[in-house]
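Here's work-v4.cif, which has mmCIF, C-alpha atoms and all ligand atoms:
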```
data_run
#
loop_
_atom_site.label_atom_id
_atom_site.label_comp_id
_atom_site.auth_asym_id
_atom_site.auth_seq_id
_atom_site.Cartn_x
_atom_site.Cartn_y
_atom_site.Cartn_z
CA MET A 1 -25.28 10.06 6.40
CA SER A 2 -22.11 12.08 5.92
CA ASP A 3 -19.28 11.30 8.29
CA VAL A 4 -16.02 12.35 6.73
CA GLY A 5 -14.25 13.39 9.92
CA LEU A 6 -12.14 16.48 10.38
CA PRO A 7 -11.32 18.89 7.55
CA CYS A 8 -8.11 18.58 5.56
CA VAL A 9 -5.64 21.39 6.36
CA HIS A 10 -3.74 20.70 3.12
CA CYS A 11 -0.43 20.14 4.91
CA GLY A 12 0.70 17.51 2.40
CA LEU A 13 2.11 15.11 4.99
CA CYS A 14 0.17 12.26 3.39
CA LEU A 15 1.53 12.69 -0.13
CA ASP A 16 4.54 10.39 0.07
CA THR A 17 2.50 7.56 1.52
CA CYS A 18 0.06 7.57 -1.41
CA PRO A 19 0.80 4.88 -4.01
CA THR A 20 -0.68 6.79 -6.94
CA TYR A 21 1.22 9.96 -6.04
CA ARG A 22 4.41 7.89 -5.76
CA LEU A 23 3.83 6.39 -9.21
CA LEU A 24 2.44 9.38 -11.09
CA GLY A 25 3.87 12.35 -9.14
CA THR A 26 0.81 14.50 -9.80
CA GLU A 27 -0.96 16.49 -7.09
CA ALA A 28 -4.37 15.47 -8.47
CA ASP A 29 -3.43 11.83 -7.86
CA SER A 30 -2.57 12.48 -4.21
CA PRO A 31 -4.93 12.44 -1.20
CA ARG A 32 -4.70 16.23 -0.87
CA GLY A 33 -5.35 16.69 -4.59
CA ARG A 34 -8.36 14.41 -4.47
CA ILE A 35 -9.74 16.31 -1.48
CA TYR A 36 -9.31 19.58 -3.40
CA ILE A 37 -11.18 18.04 -6.34
CA MET A 38 -14.06 16.74 -4.19
CA GLU A 39 -14.35 20.04 -2.31
CA ALA A 40 -14.36 22.04 -5.54
CA ILE A 41 -17.09 19.78 -6.98
CA ASP A 42 -19.10 20.09 -3.75
CA ARG A 43 -18.86 23.91 -3.99
CA GLY A 44 -19.98 23.79 -7.62
CA GLU A 45 -16.66 25.18 -8.88
CA LEU A 46 -15.68 22.03 -10.78
CA GLU A 47 -17.54 19.48 -12.87
CA LEU A 48 -17.15 15.81 -12.22
CA ASP A 49 -15.85 15.45 -15.76
CA ALA A 50 -13.73 12.64 -17.21
CA GLN A 51 -10.47 14.14 -15.94
CA ALA A 52 -11.68 14.65 -12.34
CA ALA A 53 -13.27 11.19 -12.33
CA THR A 54 -10.01 9.60 -13.50
CA HIS A 55 -8.01 11.14 -10.64
CA LEU A 56 -10.62 10.10 -8.07
CA SER A 57 -11.11 6.59 -9.41
CA ARG A 58 -7.36 5.91 -9.37
CA CYS A 59 -7.50 5.96 -5.55
CA LEU A 60 -6.91 2.42 -4.29
CA GLY A 61 -8.75 3.02 -1.02
CA CYS A 62 -5.64 1.75 0.76
CA LEU A 63 -6.03 4.31 3.59
CA ALA A 64 -2.28 4.91 3.90
CA CYS A 65 -3.15 8.62 3.85
CA GLU A 66 -5.31 8.18 6.96
CA THR A 67 -2.41 6.57 8.82
CA ALA A 68 -0.14 9.47 7.83
CA CYS A 69 -2.62 12.29 8.44
CA PRO A 70 -2.03 14.19 11.71
CA SER A 71 -5.40 15.94 11.37
CA GLY A 72 -7.56 12.81 11.48
CA VAL A 73 -9.10 13.19 8.01
CA SER A 74 -11.34 10.20 7.23
CA PHE A 75 -10.30 10.02 3.61
CA GLY A 76 -11.73 6.53 3.03
CA ARG A 77 -15.24 7.52 4.06
CA ARG A 78 -14.96 10.69 2.04
CA ILE A 79 -14.04 8.93 -1.20
CA ASP A 80 -16.52 6.11 -0.56
CA GLU A 81 -19.28 8.72 -0.49
CA TYR A 82 -18.07 9.87 -3.91
CA ARG A 83 -17.83 6.42 -5.49
CA PRO A 84 -21.55 6.16 -6.42
CA LYS A 85 -21.14 9.41 -8.41
CA LEU A 86 -18.10 7.96 -10.15
CA ALA A 87 -19.94 4.72 -10.89
CA ALA A 88 -22.92 6.65 -12.28
CA ARG A 89 -20.79 8.28 -14.99
CA ASN A 90 -18.99 5.10 -16.03
CA GLY A 91 -21.44 4.15 -18.79
CA ALA A 92 -20.64 1.02 -20.80
CA GLU A 93 -17.26 0.66 -19.10
CA GLY A 94 -19.02 0.58 -15.73
CA ILE A 95 -21.41 -2.13 -16.92
CA TRP A 96 -18.43 -4.26 -17.98
CA LYS A 97 -16.64 -3.68 -14.67
CA ASN A 98 -19.73 -4.54 -12.64
CA ALA A 99 -20.20 -7.70 -14.71
CA ALA A 100 -16.56 -8.69 -14.18
CA GLN A 101 -16.89 -8.08 -10.43
CA SER A 102 -20.08 -10.14 -10.32
CA VAL A 103 -18.16 -13.03 -11.85
CA TYR A 104 -15.39 -12.69 -9.28
CA THR A 105 -17.82 -12.70 -6.34
CA ASN A 106 -19.94 -15.59 -7.64
CA PRO A 107 -18.52 -18.86 -6.22
CA THR A 108 -20.05 -20.98 -9.01
CA LEU A 109 -18.55 -18.85 -11.77
CA VAL A 110 -15.19 -18.61 -9.99
CA ASP A 111 -15.20 -22.38 -9.64
CA ALA A 112 -15.89 -22.75 -13.38
CA GLY A 113 -13.07 -20.28 -14.15
CA LEU A 114 -10.65 -22.14 -11.89
CA ARG A 115 -11.52 -25.49 -13.52
CA GLY A 116 -11.05 -24.02 -17.00
CA THR A 117 -7.69 -22.57 -15.97
CA ALA A 118 -6.68 -25.91 -14.41
CA ILE A 119 -7.25 -27.55 -17.81
CA LEU A 120 -5.05 -24.87 -19.43
CA GLU A 121 -2.38 -25.61 -16.81
CA ARG A 122 -2.51 -29.33 -17.59
CA LEU A 123 -2.11 -28.54 -21.30
CA GLY A 124 0.94 -26.42 -20.50
CA PHE A 125 -0.70 -23.03 -21.15
CA GLY A 126 -1.20 -21.98 -17.52
CA ASP A 127 1.24 -19.09 -17.75
CA LEU A 128 -0.82 -17.40 -20.47
CA ARG A 129 -3.06 -15.81 -17.86
CA ARG A 130 -0.14 -14.02 -16.23
CA HIS A 131 -0.09 -11.71 -19.24
CA VAL A 132 -3.80 -10.91 -19.04
CA PRO A 133 -4.05 -8.34 -16.21
CA GLY A 134 -7.65 -9.09 -15.13
CA LEU A 135 -6.80 -12.75 -14.74
CA GLY A 136 -4.10 -11.85 -12.24
CA LEU A 137 -6.77 -12.33 -9.61
CA LEU A 138 -6.53 -16.09 -10.13
CA PRO A 139 -4.19 -18.10 -7.88
CA SER A 140 -0.78 -19.27 -9.12
CA SER A 141 -2.08 -22.82 -9.32
CA ALA A 142 -5.73 -23.20 -10.26
CA THR A 143 -5.12 -26.96 -10.18
CA ALA A 144 -4.18 -26.77 -6.47
CA ALA A 145 -7.30 -24.74 -5.65
CA VAL A 146 -9.54 -27.18 -7.56
CA THR A 147 -7.85 -30.19 -5.95
CA ALA A 148 -8.24 -28.65 -2.51
CA HIS A 149 -11.97 -28.18 -3.07
CA ASP A 150 -12.44 -31.66 -4.55
CA HIS A 151 -10.59 -33.43 -1.75
CA GLY A 152 -12.44 -32.04 1.21
CA CYS A 153 -10.27 -28.99 1.84
CA ASP A 154 -13.39 -27.34 3.12
CA TRP A 155 -13.46 -25.42 6.36
CA THR A 156 -17.00 -26.64 7.07
CA VAL A 157 -15.52 -30.06 7.92
CA THR A 158 -15.38 -28.97 11.55
CA PRO A 159 -14.23 -32.22 13.27
CA LEU A 160 -10.85 -31.79 11.50
CA HIS A 161 -7.96 -32.51 13.89
CA ARG A 162 -10.22 -32.20 16.90
CA SER A 163 -8.54 -35.24 18.47
CA ARG A 164 -5.25 -33.35 18.59
CA THR A 165 -6.69 -30.22 20.17
CA HIS A 166 -4.39 -28.46 22.61
CA GLN A 167 -5.57 -26.96 25.87
CA PRO A 168 -6.53 -23.30 25.43
CA LEU A 169 -4.54 -20.69 27.32
CA ARG A 170 -7.74 -19.00 28.43
CA ALA A 171 -11.33 -20.04 28.91
CA ARG A 172 -12.71 -22.01 26.00
CA LEU A 173 -13.93 -19.79 23.22
CA ARG A 174 -16.60 -20.40 20.61
CA VAL A 175 -16.17 -18.52 17.34
CA ALA A 176 -17.77 -18.40 13.89
CA LEU A 177 -15.68 -18.16 10.74
CA LEU A 178 -16.38 -15.41 8.24
CA ALA A 179 -15.53 -17.52 5.22
CA GLY A 180 -15.65 -14.82 2.55
CA CYS A 181 -16.61 -15.56 -1.05
CA VAL A 182 -14.00 -15.15 -3.76
CA GLY A 183 -11.02 -15.62 -1.45
CA ASP A 184 -12.36 -18.92 -0.16
CA GLN A 185 -12.72 -20.12 -3.75
CA MET A 186 -9.26 -19.00 -4.80
CA MET A 187 -7.32 -20.17 -1.75
CA PRO A 188 -9.53 -22.53 0.27
CA GLN A 189 -6.52 -23.80 2.20
CA ILE A 190 -6.38 -20.52 4.19
CA ASN A 191 -9.76 -21.04 5.83
CA ARG A 192 -8.96 -24.71 6.34
CA ASP A 193 -5.74 -23.75 8.15
CA THR A 194 -7.56 -21.03 10.11
CA VAL A 195 -10.04 -23.58 11.44
CA GLU A 196 -7.25 -26.04 12.19
CA VAL A 197 -5.25 -23.44 14.15
CA LEU A 198 -8.32 -22.40 16.14
CA GLN A 199 -9.20 -25.99 16.96
CA ARG A 200 -5.64 -26.86 17.95
CA ASN A 201 -5.91 -24.03 20.47
CA GLY A 202 -9.09 -25.44 21.94
CA ILE A 203 -11.33 -22.87 20.27
CA GLU A 204 -14.62 -24.23 19.00
CA VAL A 205 -15.51 -23.16 15.45
CA VAL A 206 -19.19 -23.15 14.52
CA GLU A 207 -20.66 -22.97 11.05
CA MET A 208 -22.64 -19.96 9.94
CA PRO A 209 -25.05 -20.94 7.16
CA GLY A 210 -26.39 -18.16 4.98
CA GLN A 211 -23.36 -15.87 5.10
CA GLY A 212 -22.17 -14.35 1.83
CA CYS A 213 -19.99 -11.64 0.33
CA CYS A 214 -19.10 -8.92 2.86
CA GLY A 215 -19.96 -6.17 0.36
CA ALA A 216 -16.52 -4.51 0.20
CA LEU A 217 -16.19 -4.78 -3.58
CA ALA A 218 -19.66 -3.32 -4.07
CA LEU A 219 -19.06 -0.44 -1.62
CA HIS A 220 -15.70 0.52 -3.08
CA SER A 221 -17.15 0.37 -6.59
CA GLY A 222 -19.90 2.83 -5.73
CA ARG A 223 -22.71 0.29 -5.35
CA ARG A 224 -23.56 1.33 -1.82
CA ASP A 225 -27.13 -0.02 -1.88
CA GLU A 226 -25.83 -3.44 -2.85
CA ALA A 227 -23.22 -3.29 -0.07
CA VAL A 228 -25.96 -2.43 2.46
CA MET A 229 -28.08 -5.33 1.19
CA LEU A 230 -25.17 -7.76 1.55
CA ALA A 231 -24.35 -6.44 5.01
CA ARG A 232 -27.96 -6.88 6.11
CA ALA A 233 -28.01 -10.46 4.76
CA ASN A 234 -24.87 -11.23 6.75
CA LEU A 235 -26.32 -9.69 9.90
CA GLU A 236 -29.32 -12.00 9.52
CA ALA A 237 -26.99 -15.00 9.19
CA PHE A 238 -25.00 -13.88 12.23
CA ALA A 239 -28.20 -13.41 14.24
CA ARG A 240 -29.00 -17.10 13.79
CA ILE A 241 -25.83 -18.06 15.68
CA ASN A 242 -26.12 -18.16 19.42
CA ASP A 243 -23.50 -17.48 21.97
CA VAL A 244 -20.30 -16.87 20.01
CA ASP A 245 -17.39 -14.94 21.45
CA ALA A 246 -16.08 -13.67 18.14
CA PHE A 247 -16.48 -13.70 14.36
CA VAL A 248 -13.13 -14.49 12.78
CA SER A 249 -11.86 -13.58 9.34
CA SER A 250 -8.60 -14.55 7.63
CA ALA A 251 -9.04 -11.93 4.88
CA ALA A 252 -8.02 -8.44 5.98
CA GLY A 253 -10.22 -6.73 3.38
CA CYS A 254 -13.38 -8.56 4.43
CA GLY A 255 -12.45 -8.23 8.11
CA ALA A 256 -12.10 -4.45 7.81
CA MET A 257 -15.40 -4.24 5.94
CA VAL A 258 -17.42 -6.18 8.55
CA ARG A 259 -15.78 -4.14 11.33
CA ASP A 260 -17.22 -1.13 9.53
CA TYR A 261 -20.81 -2.44 9.32
CA ALA A 262 -21.55 -0.27 12.35
CA HIS A 263 -20.75 2.78 10.23
CA LEU A 264 -22.37 1.48 7.04
CA LEU A 265 -25.64 0.72 8.82
CA ALA A 266 -25.65 3.73 11.17
CA GLY A 267 -29.07 5.36 11.34
CA THR A 268 -30.88 2.24 10.11
CA ASP A 269 -33.19 -0.15 11.96
CA VAL A 270 -30.29 -2.59 12.45
CA GLU A 271 -27.78 -0.07 13.80
CA GLU A 272 -27.52 -1.73 17.22
CA GLU A 273 -27.13 -5.24 15.77
CA ALA A 274 -24.44 -3.94 13.42
CA GLN A 275 -22.58 -2.29 16.31
CA ALA A 276 -22.73 -5.46 18.41
CA PHE A 277 -21.55 -7.58 15.49
CA SER A 278 -18.73 -5.23 14.44
CA ALA A 279 -17.41 -5.22 18.00
CA LEU A 280 -17.03 -9.01 17.93
CA CYS A 281 -15.21 -9.23 14.57
CA ARG A 282 -11.54 -10.16 14.72
CA ASP A 283 -8.77 -10.88 12.27
CA ILE A 284 -7.40 -14.38 12.90
CA CYS A 285 -3.93 -13.16 13.98
CA GLU A 286 -5.47 -10.44 16.13
CA LEU A 287 -7.62 -13.03 17.93
CA LEU A 288 -4.76 -15.48 18.43
CA VAL A 289 -2.58 -12.82 20.05
CA GLU A 290 -5.49 -11.42 22.06
CA VAL A 291 -6.46 -14.76 23.64
CA GLY A 292 -3.05 -16.44 23.52
CA PHE A 293 -2.00 -19.40 21.40
CA VAL A 294 0.23 -22.42 21.81
CA ALA A 295 3.67 -22.09 20.22
CA PRO A 296 4.56 -25.06 18.02
CA SER A 297 7.24 -27.26 19.59
CA LYS A 298 9.37 -27.22 16.40
CA PRO A 299 9.81 -24.15 14.22
CA LEU A 300 8.91 -24.45 10.57
CA ILE A 301 12.44 -24.29 9.14
CA ALA A 302 11.25 -24.90 5.59
CA ALA A 303 9.33 -21.60 5.53
CA GLY A 304 12.24 -19.30 6.31
CA PRO A 305 13.55 -16.71 5.90
CA VAL A 306 10.13 -15.05 5.88
CA ALA A 307 9.49 -11.49 4.69
CA TYR A 308 6.24 -10.03 6.01
CA HIS A 309 4.21 -7.52 4.03
CA ASP A 310 1.45 -5.49 5.71
CA ALA A 311 -1.94 -5.76 4.03
CA CYS A 312 -3.39 -2.23 3.90
CA HIS A 313 -6.65 -3.35 5.45
CA LEU A 314 -4.79 -4.72 8.45
CA LEU A 315 -2.22 -1.94 8.84
CA HIS A 316 -4.14 1.16 7.80
CA ALA A 317 -7.80 0.20 8.29
CA ARG A 318 -7.30 -1.73 11.55
CA GLY A 319 -3.92 -0.60 12.89
CA ILE A 320 -2.80 -4.24 13.19
CA ALA A 321 0.94 -4.66 12.61
CA ALA A 322 2.38 -6.68 15.50
CA ALA A 323 -0.05 -9.63 15.71
CA PRO A 324 0.67 -11.22 12.28
CA ARG A 325 4.41 -10.80 12.87
CA LYS A 326 4.07 -12.59 16.23
CA VAL A 327 2.23 -15.45 14.50
CA CYS A 328 5.00 -15.68 11.87
CA GLU A 329 7.65 -15.65 14.59
CA ALA A 330 5.91 -18.39 16.59
CA ALA A 331 5.62 -20.51 13.44
CA THR A 332 9.18 -20.12 12.19
CA GLY A 333 11.16 -19.41 15.36
CA ALA A 334 12.42 -16.04 14.09
CA PRO A 335 10.83 -12.63 13.62
CA PRO A 336 10.02 -12.00 9.97
CA ILE A 337 11.95 -9.32 8.11
CA ASP A 338 9.94 -6.54 6.47
CA LEU A 339 9.48 -6.94 2.75
CA GLY A 340 10.05 -3.19 2.46
CA GLU A 341 7.81 -0.23 1.62
CA ASN A 342 5.40 -2.01 3.94
CA SER A 343 2.94 0.86 4.19
CA LEU A 344 2.66 1.06 0.38
CA CYS A 345 -0.18 -0.90 -1.24
CA CYS A 346 0.75 -3.90 -3.41
CA GLY A 347 -1.83 -2.87 -6.02
CA SER A 348 -4.41 -5.51 -5.21
CA ALA A 349 -7.09 -3.28 -3.62
CA GLY A 350 -10.16 -5.36 -4.42
CA SER A 351 -10.85 -5.06 -8.12
CA TYR A 352 -8.07 -2.54 -8.87
CA ASN A 353 -6.50 -5.14 -11.15
CA LEU A 354 -9.60 -4.92 -13.32
CA ASP A 355 -10.05 -1.15 -13.07
CA HIS A 356 -6.46 0.07 -13.39
CA PRO A 357 -4.38 -2.92 -14.52
CA HIS A 358 -1.26 -0.92 -15.43
CA LEU A 359 -1.03 0.90 -12.10
CA ALA A 360 -1.76 -2.35 -10.27
CA GLU A 361 1.01 -4.05 -12.18
CA GLN A 362 3.54 -1.31 -11.41
CA LEU A 363 2.77 -1.55 -7.70
CA GLY A 364 3.05 -5.35 -7.82
CA ARG A 365 6.39 -5.05 -9.62
CA ARG A 366 7.76 -2.90 -6.78
CA LYS A 367 6.96 -5.68 -4.32
CA ALA A 368 8.57 -8.28 -6.56
CA SER A 369 11.73 -6.13 -6.84
CA LEU A 370 11.92 -5.88 -3.06
CA ALA A 371 11.52 -9.65 -2.78
CA LYS A 372 14.29 -10.12 -5.33
CA GLU A 373 16.56 -7.87 -3.24
CA LYS A 374 15.83 -9.55 0.10
CA SER A 375 15.58 -13.14 -1.20
CA PRO A 376 13.08 -14.53 1.31
CA THR A 377 11.94 -18.13 0.91
CA THR A 378 8.41 -17.06 1.86
CA VAL A 379 6.48 -13.81 1.68
CA ALA A 380 3.78 -13.70 4.38
CA VAL A 381 0.76 -11.43 4.05
CA GLY A 382 -2.62 -11.57 5.78
CA ASN A 383 -5.05 -10.98 2.94
CA VAL A 384 -5.95 -13.28 0.08
CA GLY A 385 -6.22 -10.45 -2.49
CA CYS A 386 -2.68 -9.25 -1.67
CA MET A 387 -1.45 -12.85 -1.78
CA LEU A 388 -2.82 -13.33 -5.30
CA GLN A 389 -1.38 -10.00 -6.46
CA ILE A 390 2.08 -10.65 -4.97
CA GLU A 391 2.13 -14.24 -6.25
CA ARG A 392 1.50 -13.00 -9.76
CA ALA A 393 4.08 -10.20 -9.46
CA LEU A 394 6.73 -12.63 -8.18
CA ALA A 395 6.00 -15.06 -11.02
CA LEU A 396 6.24 -12.28 -13.64
CA GLN A 397 9.63 -11.20 -12.23
CA GLY A 398 10.92 -14.77 -11.91
CA VAL A 399 11.15 -14.64 -8.08
CA SER A 400 10.65 -18.09 -6.61
CA ALA A 401 9.46 -17.21 -3.07
CA ALA A 402 6.23 -18.84 -1.86
CA VAL A 403 3.38 -16.60 -0.66
CA ARG A 404 1.60 -17.65 2.51
CA HIS A 405 -0.87 -16.28 5.06
CA PRO A 406 0.72 -16.17 8.57
CA VAL A 407 -1.93 -18.60 9.81
CA GLN A 408 -0.84 -21.08 7.12
CA LEU A 409 2.70 -20.97 8.51
CA LEU A 410 1.37 -21.62 12.02
CA ALA A 411 -0.83 -24.51 10.84
CA ALA A 412 2.11 -26.07 8.99
CA ALA A 413 4.32 -25.71 12.08
CA TYR A 414 1.67 -27.43 14.22
CA ARG A 415 1.43 -30.28 11.71
CA GLN A 416 5.21 -30.63 11.60
CA SER A 417 5.41 -30.62 15.42
CA ALA A 418 2.70 -33.27 15.68
CA ALA A 419 4.26 -35.56 13.05
S1 LIG B 501 -6.53 5.83 -0.03
FE1 LIG B 501 -4.46 5.25 -0.76
S2 LIG B 501 -4.50 5.64 -2.98
FE2 LIG B 501 -6.29 6.72 -2.09
S3 LIG B 501 -5.55 8.81 -1.72
FE3 LIG B 501 -5.23 7.66 0.20
S4 LIG B 501 -3.12 6.87 0.07
FE4 LIG B 501 -3.73 7.53 -2.02
S1 LIG B 502 -5.32 14.57 4.31
FE1 LIG B 502 -4.29 15.03 6.26
S2 LIG B 502 -2.10 14.78 5.83
FE2 LIG B 502 -3.14 14.92 3.85
S3 LIG B 502 -3.02 17.09 3.29
FE3 LIG B 502 -5.00 16.79 4.36
S4 LIG B 502 -4.59 17.25 6.52
FE4 LIG B 502 -2.58 16.96 5.52
#
```
What does the file become when written as structure tokens?
Amino acid sequence: MSDVGLPCVHCGLCLDTCPTYRLLGTEADSPRGRIYIMEAIDRGELELDAQAATHLSRCLGCLACETACPSGVSFGRRIDEYRPKLAARNGAEGIWKNAAQSVYTNPTLVDAGLRGTAILERLGFGDLRRHVPGLGLLPSSATAAVTAHDHGCDWTVTPLHRSRTHQPLRARLRVALLAGCVGDQMMPQINRDTVEVLQRNGIEVVEMPGQGCCGALALHSGRRDEAVMLARANLEAFARINDVDAFVSSAAGCGAMVRDYAHLLAGTDVEEEAQAFSALCRDICELLVEVGFVAPSKPLIAAGPVAYHDACHLLHARGIAAAPRKVCEAATGAPPIDLGENSLCCGSAGSYNLDHPHLAEQLGRRKASLAKEKSPTTVAVGNVGCMLQIERALALQGVSAAVRHPVQLLAAAYRQSAA
């Protein structure tokens, strides 16, 4: 079903917000240019040849153009409808990319990769991967991720800290965690801290067996049928849970994807279920601010000063800017500063590191330069993919700031206050 919103009036107000236009300066690598290309192909005036495909595939899907557009153009949906055509002409390169993505969304293979990298780290060769762009998706310390998994840093251990639970500010809630796949493997401590923060606020967290990848990587790579299949599998898992008030995600990319299941599954036999589910999905910071949360009694001095960077799938896809900042402020006792160029993508964008490593690296370098200028102790960002990308960029530029999810800062402040 086509639903690409209102027509583009070619005003150009979105150009400066587009990361690829900012880097390359070419109209064809801007939102307006890409719309021209797609419209010309649709009218039969242009072939989807290698050149046109390159300009379209360079789009990060960051949706900054949608935020900037006064005409309400749904650029993301428009380009997503084109992605299967782009994937179809990828040939051998596409097979390699799909295989690489399958590795990154397979928890067993990611676990094996992390363990192999942890051995390299112990032998003193851990930094080698920083110079291999595709491996930039791995966390700064594979050893820490492996240790966290091996020592019970697993969000399914639900009784964690229950004895220290605070009274909720509103009626007791019951939520299910959308654990994600690759992000939970790479940085398991984020989901652990998410569960801890929810429980400390008197919110019950229930397990959701059978959930899997949200399908975002597949959808944005043109494998729409696979994305629909994954979404349906998740809906079945969600249907087995009774009586939850919300489904909570700590990964902005996955959260935006599941919020969009209603659109993805529109016109199917599960349209109503998808609508009901999408309406209950919340980002962790969004939920905390919506229902109210207990401020830690002592601010987390060690984390500051904190620079916050907006993940595109929070800011542009969901319009969420204030909630993560409020969580950072509650955790540290001071509002975070902006990292700078906050509406500009960091270059993570799902598998962009694999597809366009040089552009991804340039965007990451811009963030590292801003961090160098502002010298924060911590960079906070609410999406695991952005965290991995910024961590790598900071390491490459020799910037020593830590990268944390806002909910990690809040969990650490609670622990410090309770000590
Ligand atoms: S989604 Fe992002 S990268 Fe793609 S055209 Fe819009 S602003 Fe540019
Ligand atoms: S997408 Fe929106 S902002 Fe960009 S050129 Fe078209 S109408 Fe203007």
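Across the model, the gap from atom CA of Glu290 of chain A to atom CA of Leu264 of chain A is 26.0 Å.
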Contacts with ligand LIG 501 (chain B) at most 9 Å, only C-alpha atoms and all ligand atoms counted, listed as a ChimeraX atom specification: /A:14-22,29-35,56-68,75-76,79,312,344-345
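Shortest separation to ligand LIG 502 (chain B) among A:Cys69, A:Ile37, A:Ile390, A:Ala395 occurs at residue A:Cys69, atoms counted being all atoms listed in the file.
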Listed atoms of ligand LIG 502 (chain B) boxed axis-aligned with 6 Å per side, centre + edges as lines of an AutoDock Vina configuration file:
```
center_x = -3.7
center_y = 15.9
center_z = 4.9
size_x = 15.2
size_y = 14.7
size_z = 15.2
```
Rounded to one decimal place, report the atom CA of Cys181 of chain A-atom CA of Ala401 of chain A distance in Å. 26.2 Å
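Closest approach to Ala262 of chain A among A:Asn201, A:Ser71, A:Ser351, A:Gln275: A:Gln275, based on all atoms listed in the file.
Distances from A:Leu300, A:Val228, A:Ala349, A:Val248 to Gly385 of chain A were compared using all atoms listed in the file, and the smallest one belongs to A:Ala349.
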Could you tell me how far atom CA of Met387 of chain A sits from atom CA of Arg404 of chain A, in Å to one decimal place? 7.1 Å
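Among the candidate residues A:Val9, A:Ala50, A:Leu409, A:Val403, the one lying nearest to ligand LIG 502 (chain B) is A:Val9, with distances computed using only C-alpha atoms and all ligand atoms.
Among A:Ala380, A:Cys328, A:Leu217, A:Met229, the residue with the shortest atom-to-atom distance to Tyr352 of chain A, counting all atoms listed in the file, is A:Leu217.
With distances restricted to only C-alpha atoms, A:Leu6 is the closest residue to Arg77 of chain A from A:Val175, A:Leu6, A:Cys254, A:Ala112.
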Could you name the residues that touch Asp245 of chain A at 7 Å or less, counting only C-alpha atoms, but leaving out those on the same chain fewer than 2 positions away, as a PyMOL selection string? chain A and resi 173-175+243+280
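Counting only C-alpha atoms, Pro376 of chain A has the following residues at most 6 Å away, ignoring those fewer than 3 positions along the same chain: A:Pro305, A:Val306, A:Ala307.
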Using only C-alpha atoms, can you list as an MDAnalysis selection string the residues within 7 Å of (-8.6, -4.4, 8.4)? chainID A and resid 252:253 255:256 313:315 317:318
Restrict the selected residues to C-alpha atoms and save them as an mmCIF file, in the frame of the given file.
```cif
data_model
loop_
_atom_site.group_PDB
_atom_site.id
_atom_site.type_symbol
_atom_site.label_atom_id
_atom_site.label_comp_id
_atom_site.auth_asym_id
_atom_site.auth_seq_id
_atom_site.Cartn_x
_atom_site.Cartn_y
_atom_site.Cartn_z
ATOM 1 C CA ALA A 252 -8.020 -8.440 5.980
ATOM 2 C CA GLY A 253 -10.220 -6.730 3.380
ATOM 3 C CA GLY A 255 -12.450 -8.230 8.110
ATOM 4 C CA ALA A 256 -12.100 -4.450 7.810
ATOM 5 C CA HIS A 313 -6.650 -3.350 5.450
ATOM 6 C CA LEU A 314 -4.790 -4.720 8.450
ATOM 7 C CA LEU A 315 -2.220 -1.940 8.840
ATOM 8 C CA ALA A 317 -7.800 0.200 8.290
ATOM 9 C CA ARG A 318 -7.300 -1.730 11.550
#
```
If you count all atoms listed in the file, which residues fall within 7 Å of Asp338 of chain A, apart from same-chain ones fewer than 4 positions away, as an MDAnalysis selection string? chainID A and resid 307:309 342
Which residues are near Val270 of chain A? Cut-off 9 Å, only C-alpha atoms, ignore same chain within fewer than 4 positions. Put them as number ranges by chain. A: 232, 235, 265-266, 274-275
Residues at most 9 Å from Pro7 of chain A, counting only C-alpha atoms, excluding those fewer than 6 positions away in the same chain, as number ranges by chain? A: 71-74
Using C-alpha atoms, can you write the selected residues to a file as a tab-separated table (two decimals), keeping the file's coordinate frame?
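Below is the file again.tsv, written as the result:
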```tsv
chain	number	residue	atom	x	y	z
A	71	SER	CA	-5.40	15.94	11.37
A	72	GLY	CA	-7.56	12.81	11.48
A	73	VAL	CA	-9.10	13.19	8.01
A	74	SER	CA	-11.34	10.20	7.23
```
Complete the atom set of segment 182-188 of chain A to N, CA and C atoms and return it as a short mmCIF file (atom, residue, chain, number, x, y, z; two decimals), in the frame of the given file.
```cif
data_model
loop_
_atom_site.label_atom_id
_atom_site.label_comp_id
_atom_site.auth_asym_id
_atom_site.auth_seq_id
_atom_site.Cartn_x
_atom_site.Cartn_y
_atom_site.Cartn_z
N VAL A 182 -15.00 -14.90 -2.72
CA VAL A 182 -14.00 -15.15 -3.76
C VAL A 182 -12.69 -15.70 -3.19
N GLY A 183 -12.28 -15.17 -2.05
CA GLY A 183 -11.02 -15.62 -1.45
C GLY A 183 -11.06 -17.08 -1.07
N ASP A 184 -12.23 -17.52 -0.56
CA ASP A 184 -12.36 -18.92 -0.16
C ASP A 184 -12.33 -19.84 -1.38
N GLN A 185 -12.79 -19.33 -2.51
CA GLN A 185 -12.72 -20.12 -3.75
C GLN A 185 -11.29 -20.20 -4.26
N MET A 186 -10.59 -19.07 -4.21
CA MET A 186 -9.26 -19.00 -4.80
C MET A 186 -8.21 -19.74 -3.96
N MET A 187 -8.31 -19.57 -2.65
CA MET A 187 -7.32 -20.17 -1.75
C MET A 187 -8.02 -20.82 -0.57
N PRO A 188 -8.74 -21.91 -0.80
CA PRO A 188 -9.53 -22.53 0.27
C PRO A 188 -8.68 -23.03 1.42
#
```
